[in-house]
$ cat upload.cif   # mmCIF, C-alpha atoms
data_coords
loop_
_atom_site.label_atom_id
_atom_site.label_comp_id
_atom_site.auth_asym_id
_atom_site.auth_seq_id
_atom_site.Cartn_x
_atom_site.Cartn_y
_atom_site.Cartn_z
CA MET A 1 1.35 37.77 -23.35
CA SER A 2 1.66 36.70 -19.73
CA GLU A 3 0.11 38.89 -17.07
CA PHE A 4 2.25 40.17 -14.18
CA SER A 5 1.24 38.94 -10.73
CA MET A 6 2.80 40.05 -7.45
CA GLU A 7 1.52 36.84 -5.81
CA LEU A 8 3.30 34.70 -8.39
CA LEU A 9 6.52 36.68 -7.89
CA GLU A 10 6.28 36.24 -4.11
CA GLU A 11 5.67 32.51 -4.58
CA LYS A 12 8.73 32.13 -6.83
CA ILE A 13 10.91 34.08 -4.40
CA LYS A 14 9.71 31.96 -1.45
CA LYS A 15 10.48 28.84 -3.50
CA SER A 16 14.07 30.10 -4.04
CA GLU A 17 14.47 30.66 -0.29
CA THR A 18 13.02 27.21 0.49
CA LEU A 19 15.41 25.55 -1.96
CA LEU A 20 18.32 27.34 -0.30
CA LYS A 21 17.21 26.08 3.13
CA GLU A 22 16.90 22.53 1.79
CA ASP A 23 20.33 22.68 0.15
CA LEU A 24 21.94 24.14 3.28
CA ALA A 25 20.38 21.39 5.41
CA THR A 26 22.39 18.81 3.47
CA VAL A 27 25.68 20.59 4.28
CA ARG A 28 27.38 18.68 7.07
CA ALA A 29 28.16 20.96 9.99
CA GLY A 30 29.74 18.44 12.36
CA ARG A 31 26.52 17.62 14.14
CA ALA A 32 23.99 14.94 13.25
CA ASN A 33 21.00 16.13 11.29
CA ALA A 34 18.43 13.92 9.57
CA ALA A 35 18.52 16.26 6.56
CA LEU A 36 21.98 14.87 5.72
CA VAL A 37 20.28 11.84 4.19
CA ASP A 38 17.18 13.62 2.80
CA LYS A 39 18.28 13.24 -0.80
CA VAL A 40 19.37 9.58 -0.46
CA MET A 41 17.42 7.31 -2.82
CA VAL A 42 17.40 3.56 -2.11
CA GLU A 43 16.83 0.94 -4.81
CA TYR A 44 14.02 -0.94 -3.07
CA TYR A 45 12.52 -3.86 -5.02
CA GLY A 46 13.71 -2.23 -8.24
CA THR A 47 12.18 1.18 -7.45
CA PRO A 48 14.18 4.26 -6.36
CA THR A 49 12.62 5.17 -3.01
CA PRO A 50 13.52 8.03 -0.62
CA LEU A 51 15.35 6.72 2.46
CA LYS A 52 12.91 8.48 4.81
CA ALA A 53 10.10 6.34 3.33
CA LEU A 54 11.96 3.13 4.20
CA ALA A 55 13.34 3.89 7.65
CA ASN A 56 13.02 5.90 10.81
CA ILE A 57 15.85 8.44 11.03
CA SER A 58 16.75 9.73 14.48
CA VAL A 59 19.54 11.58 16.28
CA PRO A 60 20.23 9.75 19.57
CA GLU A 61 23.48 11.69 20.19
CA PRO A 62 24.83 14.99 18.80
CA ARG A 63 27.23 13.20 16.41
CA THR A 64 25.23 10.06 15.60
CA LEU A 65 22.50 9.50 13.04
CA LEU A 66 20.51 6.31 13.61
CA ILE A 67 18.66 4.75 10.68
CA THR A 68 16.16 2.05 11.67
CA PRO A 69 14.70 0.36 8.57
CA PHE A 70 11.06 -0.72 8.67
CA ASP A 71 12.17 -3.85 6.77
CA PRO A 72 15.49 -5.22 8.18
CA LYS A 73 16.13 -7.03 4.86
CA SER A 74 16.61 -3.63 3.21
CA ILE A 75 19.74 -2.78 5.26
CA PRO A 76 22.25 -3.75 2.51
CA GLU A 77 20.39 -1.61 -0.07
CA ILE A 78 20.20 1.34 2.35
CA GLU A 79 23.91 1.02 3.13
CA LYS A 80 24.75 0.91 -0.58
CA ALA A 81 22.53 3.96 -1.28
CA ILE A 82 24.24 5.98 1.48
CA ASN A 83 27.65 5.14 0.01
CA VAL A 84 26.48 5.99 -3.53
CA ALA A 85 24.91 9.28 -2.34
CA ASN A 86 28.39 10.31 -1.19
CA VAL A 87 27.32 11.93 2.10
CA GLY A 88 30.94 11.55 3.21
CA ILE A 89 30.23 9.18 6.09
CA ASN A 90 30.64 5.43 6.12
CA PRO A 91 27.55 3.61 7.40
CA VAL A 92 28.01 1.03 10.17
CA ASN A 93 25.40 -1.71 10.28
CA ASP A 94 24.77 -4.11 13.18
CA GLY A 95 22.09 -6.17 11.41
CA LYS A 96 19.17 -4.18 12.84
CA VAL A 97 20.11 -0.52 12.44
CA ILE A 98 22.59 1.63 10.53
CA ARG A 99 24.65 4.21 12.38
CA LEU A 100 26.34 7.19 10.81
CA GLN A 101 29.04 8.66 13.05
CA ILE A 102 29.53 12.31 12.13
CA PRO A 103 33.24 13.17 12.42
CA GLN A 104 34.50 16.37 14.02
CA VAL A 105 34.93 19.03 11.33
CA THR A 106 38.40 20.59 11.09
CA GLU A 107 38.88 24.36 11.08
CA GLU A 108 40.05 24.24 7.46
CA ARG A 109 36.96 22.25 6.44
CA ARG A 110 34.72 24.71 8.31
CA LYS A 111 36.19 27.56 6.25
CA GLU A 112 35.60 25.60 3.02
CA LEU A 113 32.01 24.94 4.09
CA THR A 114 31.37 28.61 4.84
CA LYS A 115 32.64 29.49 1.34
CA THR A 116 30.30 26.87 -0.11
CA ILE A 117 27.24 28.14 1.78
CA LYS A 118 28.06 31.76 0.90
CA LYS A 119 28.16 30.73 -2.76
CA MET A 120 24.79 28.98 -2.35
CA GLY A 121 23.44 32.19 -0.82
CA GLU A 122 24.85 34.29 -3.69
CA ASP A 123 23.31 31.93 -6.25
CA THR A 124 19.93 32.34 -4.53
CA LYS A 125 20.29 36.14 -4.53
CA VAL A 126 21.09 36.04 -8.26
CA ALA A 127 17.96 33.94 -8.83
CA VAL A 128 15.87 36.46 -6.86
CA ARG A 129 17.36 39.37 -8.81
CA ASN A 130 16.58 37.55 -12.07
CA LEU A 131 12.97 37.17 -10.90
CA ARG A 132 12.92 40.91 -10.16
CA ARG A 133 14.29 41.72 -13.63
CA ASP A 134 11.69 39.50 -15.32
CA ALA A 135 8.88 41.06 -13.26
CA ASN A 136 10.12 44.58 -14.08
CA ASP A 137 10.23 43.71 -17.78
CA LYS A 138 6.66 42.40 -17.69
CA VAL A 139 5.43 45.55 -15.94
CA LYS A 140 7.19 47.78 -18.47
CA LYS A 141 5.72 45.78 -21.38
CA MET A 142 2.28 46.17 -19.83
CA GLU A 143 2.86 49.93 -19.64
CA LYS A 144 3.80 50.01 -23.34
CA ALA A 145 0.67 47.98 -24.14
CA GLY A 146 -1.38 50.59 -22.27
CA ASP A 147 -2.44 48.24 -19.45
CA TYR A 148 -0.64 50.26 -16.75
CA THR A 149 -0.40 54.01 -16.13
CA GLU A 150 2.94 55.62 -15.34
CA ASP A 151 1.96 55.90 -11.65
CA ASP A 152 0.91 52.23 -11.54
CA VAL A 153 4.24 51.24 -13.04
CA LYS A 154 6.21 53.31 -10.53
CA SER A 155 4.35 51.92 -7.51
CA THR A 156 4.55 48.33 -8.82
CA LEU A 157 8.28 48.62 -9.50
CA ASP A 158 8.73 49.99 -5.96
CA GLU A 159 6.78 47.04 -4.56
CA ILE A 160 8.89 44.58 -6.59
CA GLN A 161 12.07 46.24 -5.27
CA LYS A 162 10.84 46.08 -1.66
CA LEU A 163 10.00 42.39 -2.08
CA THR A 164 13.46 41.76 -3.57
CA ASP A 165 15.24 43.66 -0.77
CA LYS A 166 13.27 41.73 1.86
CA SER A 167 14.15 38.41 0.22
CA ILE A 168 17.84 39.24 -0.07
CA LYS A 169 17.88 40.19 3.62
CA GLU A 170 16.17 36.85 4.41
CA VAL A 171 18.77 34.93 2.33
CA ASP A 172 21.57 36.72 4.21
CA GLU A 173 19.98 35.72 7.54
CA ILE A 174 19.59 32.08 6.46
CA VAL A 175 23.24 31.93 5.33
CA ALA A 176 24.47 33.69 8.51
CA ALA A 177 22.59 31.20 10.71
CA LYS A 178 24.11 28.23 8.84
CA GLU A 179 27.56 29.84 8.98
CA LYS A 180 27.21 30.28 12.75
CA GLU A 181 26.19 26.60 13.08
CA ILE A 182 29.23 25.50 11.05
CA MET A 183 31.71 27.67 12.95
CA GLU A 184 30.47 26.37 16.34
CA VAL A 185 32.99 23.94 17.79
#
$ encode --input "upload.cif" --output "structure tokens"
Amino acid sequence: MSEFSMELLEEKIKKSETLLKEDLATVRAGRANAALVDKVMVEYYGTPTPLKALANISVPEPRTLLITPFDPKSIPEIEKAINVANVGINPVNDGKVIRLQIPQVTEERRKELTKTIKKMGEDTKVAVRNLRRDANDKVKKMEKAGDYTEDDVKSTLDEIQKLTDKSIKEVDEIVAAKEKEIMEV
């Protein structure tokens, strides 16, 4: 039987929040952000390689992402990988660098994006609640096994609930910040 650990629960909850932040970073908000191409994998000499390992990614202007490959011969592969990754932006290559011009986001698209990020936030909250349920079950099993007293169980369940509430509040703040960024014109 697995032992309950508050540290492990906290770690899993933090991981859920971190995944949400990473996923939200890939949502295009109408301004250039290097995270847009974080998940792009380039076929480099037959090996799938993360784009950030093959090129310097910078934001010279608010709506421009500049990708400067360390090896200029890799430009066609990088361009192909960006198109395959479906980031929604066509790469423009001048032989030395690749530019991604981020288009202005329409009001309708902004509303769609806010729905998407709210769903991502809800999914994260569900994951956190599932972690809470699993932790509560473990604590109750430990009580039945005689490892915990009734008072220990009550205080541990309270702690788990406080941790869950704190995490859900954090998720709401993360989503609200991204929503504000998207709705900015």
$ atom_distance --input "upload.cif" --atom1 "atom CA of Met41 of chain A" --atom2 "atom CA of Arg110 of chain A"
26.9 Å
$ atom_distance --input "upload.cif" --atom1 "atom CA of Ile174 of chain A" --atom2 "atom CA of Lys21 of chain A"
7.3 Å
$ resolve_selection --input "upload.cif" --expression "the PyMOL selection byres ((chain A and resi 95) around 10)" --output "ChimeraX atom specification"
/A:72-73,75-76,92-94,96-98
$ atom_distance --input "upload.cif" --atom1 "atom CA of Thr68 of chain A" --atom2 "atom CA of Arg99 of chain A"
8.8 Å
$ resolve_selection --input "upload.cif" --expression "the PyMOL selection byres ((chain A and resi 153-170) around 9)" --output "number ranges by chain"
A: 6, 9-10, 13-14, 17, 124-125, 128-129, 131-132, 135-136, 139-140, 142-143, 148-152, 171-175
$ resolve_selection --input "upload.cif" --expression "the PyMOL selection byres ((chain A and resi 70) around 9)" --output "VMD selection string"
chain A and resid 53 to 56 68 to 69 71 to 74
$ closest_residue --input "upload.cif" --among "A:Glu107, A:Ser58, A:Lys118, A:Lys39" --to "Val84 of chain A" --atoms "all atoms listed in the file"
A:Lys39
$ closest_residue --input "upload.cif" --among "A:Val40, A:Met183, A:Ala176, A:Ile57" --to "Thr26 of chain A" --atoms "all atoms listed in the file"
A:Val40
$ closest_residue --input "upload.cif" --among "A:Leu113, A:Leu51, A:Ile78, A:Ala32" --to "Gln101 of chain A" --atoms "all atoms listed in the file"
A:Ala32
$ closest_residue --input "upload.cif" --among "A:Glu7, A:Glu61, A:Asp147, A:Asp134" --to "Arg31 of chain A" --atoms "all atoms listed in the file"
A:Glu61
$ closest_residue --input "upload.cif" --among "A:Lys52, A:Glu179, A:Asn90, A:Ala145" --to "Val27 of chain A" --atoms "all atoms listed in the file"
A:Glu179
$ decode --input "upload.cif" --residues "segment 127-156 of chain A" --atoms "N, CA, C and O atoms" --output "short mmCIF file (atom, residue, chain, number, x, y, z; two decimals), in the first residue's frame"
data_model
loop_
_atom_site.label_atom_id
_atom_site.label_comp_id
_atom_site.auth_asym_id
_atom_site.auth_seq_id
_atom_site.Cartn_x
_atom_site.Cartn_y
_atom_site.Cartn_z
N ALA A 127 -8.01 18.19 -12.70
CA ALA A 127 -6.84 17.37 -12.35
C ALA A 127 -6.47 17.57 -10.88
O ALA A 127 -6.18 16.59 -10.17
N VAL A 128 -6.51 18.81 -10.42
CA VAL A 128 -6.17 19.11 -9.02
C VAL A 128 -7.20 18.46 -8.09
O VAL A 128 -6.84 17.87 -7.06
N ARG A 129 -8.47 18.55 -8.46
CA ARG A 129 -9.52 17.93 -7.62
C ARG A 129 -9.36 16.40 -7.59
O ARG A 129 -9.63 15.77 -6.57
N ASN A 130 -8.95 15.82 -8.72
CA ASN A 130 -8.71 14.38 -8.75
C ASN A 130 -7.55 14.01 -7.83
O ASN A 130 -7.60 12.99 -7.13
N LEU A 131 -6.52 14.85 -7.80
CA LEU A 131 -5.39 14.63 -6.89
C LEU A 131 -5.88 14.69 -5.44
O LEU A 131 -5.48 13.89 -4.60
N ARG A 132 -6.77 15.66 -5.17
CA ARG A 132 -7.33 15.79 -3.81
C ARG A 132 -8.11 14.53 -3.44
O ARG A 132 -7.94 13.98 -2.36
N ARG A 133 -8.95 14.06 -4.37
CA ARG A 133 -9.76 12.87 -4.10
C ARG A 133 -8.86 11.66 -3.81
O ARG A 133 -9.09 10.92 -2.84
N ASP A 134 -7.82 11.48 -4.63
CA ASP A 134 -6.90 10.35 -4.41
C ASP A 134 -6.21 10.46 -3.05
O ASP A 134 -6.07 9.46 -2.35
N ALA A 135 -5.78 11.68 -2.71
CA ALA A 135 -5.10 11.89 -1.42
C ALA A 135 -6.06 11.60 -0.27
O ALA A 135 -5.70 10.93 0.70
N ASN A 136 -7.30 12.09 -0.39
CA ASN A 136 -8.30 11.83 0.66
C ASN A 136 -8.54 10.33 0.82
O ASN A 136 -8.64 9.83 1.94
N ASP A 137 -8.64 9.62 -0.30
CA ASP A 137 -8.85 8.17 -0.25
C ASP A 137 -7.70 7.47 0.47
O ASP A 137 -7.92 6.59 1.30
N LYS A 138 -6.47 7.88 0.16
CA LYS A 138 -5.31 7.27 0.81
C LYS A 138 -5.33 7.50 2.32
O LYS A 138 -5.06 6.59 3.10
N VAL A 139 -5.68 8.73 2.71
CA VAL A 139 -5.72 9.07 4.14
C VAL A 139 -6.79 8.22 4.84
O VAL A 139 -6.56 7.68 5.92
N LYS A 140 -7.95 8.08 4.19
CA LYS A 140 -9.04 7.31 4.80
C LYS A 140 -8.67 5.83 4.90
O LYS A 140 -9.01 5.16 5.88
N LYS A 141 -7.95 5.31 3.90
CA LYS A 141 -7.50 3.91 3.95
C LYS A 141 -6.50 3.73 5.09
O LYS A 141 -6.51 2.70 5.78
N MET A 142 -5.64 4.74 5.27
CA MET A 142 -4.65 4.66 6.35
C MET A 142 -5.34 4.68 7.72
O MET A 142 -4.87 4.05 8.66
N GLU A 143 -6.47 5.42 7.79
CA GLU A 143 -7.23 5.45 9.05
C GLU A 143 -7.81 4.06 9.32
O GLU A 143 -7.72 3.54 10.44
N LYS A 144 -8.38 3.44 8.27
CA LYS A 144 -8.97 2.10 8.42
C LYS A 144 -7.90 1.09 8.82
O LYS A 144 -8.17 0.15 9.56
N ALA A 145 -6.69 1.28 8.30
CA ALA A 145 -5.58 0.36 8.60
C ALA A 145 -5.03 0.61 10.01
O ALA A 145 -4.18 -0.14 10.49
N GLY A 146 -5.47 1.71 10.63
CA GLY A 146 -5.02 2.02 11.99
C GLY A 146 -3.75 2.84 12.03
O GLY A 146 -3.14 3.02 13.08
N ASP A 147 -3.33 3.39 10.87
CA ASP A 147 -2.11 4.20 10.82
C ASP A 147 -2.36 5.65 11.26
O ASP A 147 -1.43 6.35 11.64
N TYR A 148 -3.61 6.10 11.14
CA TYR A 148 -3.97 7.47 11.49
C TYR A 148 -5.07 7.46 12.53
O TYR A 148 -5.98 6.62 12.48
N THR A 149 -5.05 8.43 13.45
CA THR A 149 -6.16 8.59 14.40
C THR A 149 -7.22 9.45 13.72
O THR A 149 -6.95 10.09 12.69
N GLU A 150 -8.38 9.52 14.31
CA GLU A 150 -9.47 10.33 13.75
C GLU A 150 -9.06 11.80 13.66
O GLU A 150 -9.36 12.47 12.68
N ASP A 151 -8.36 12.30 14.69
CA ASP A 151 -7.91 13.70 14.69
C ASP A 151 -6.88 13.94 13.59
O ASP A 151 -6.91 14.98 12.92
N ASP A 152 -5.95 12.98 13.42
CA ASP A 152 -4.94 13.10 12.36
C ASP A 152 -5.62 13.18 11.00
O ASP A 152 -5.26 14.00 10.15
N VAL A 153 -6.62 12.33 10.81
CA VAL A 153 -7.34 12.30 9.53
C VAL A 153 -8.01 13.64 9.28
O VAL A 153 -7.88 14.23 8.20
N LYS A 154 -8.70 14.16 10.30
CA LYS A 154 -9.41 15.43 10.13
C LYS A 154 -8.44 16.56 9.78
O LYS A 154 -8.67 17.32 8.85
N SER A 155 -7.33 16.66 10.50
CA SER A 155 -6.38 17.75 10.23
C SER A 155 -5.71 17.56 8.86
O SER A 155 -5.49 18.54 8.14
N THR A 156 -5.42 16.32 8.47
CA THR A 156 -4.80 16.08 7.17
C THR A 156 -5.78 16.40 6.03
O THR A 156 -5.39 17.03 5.04
#
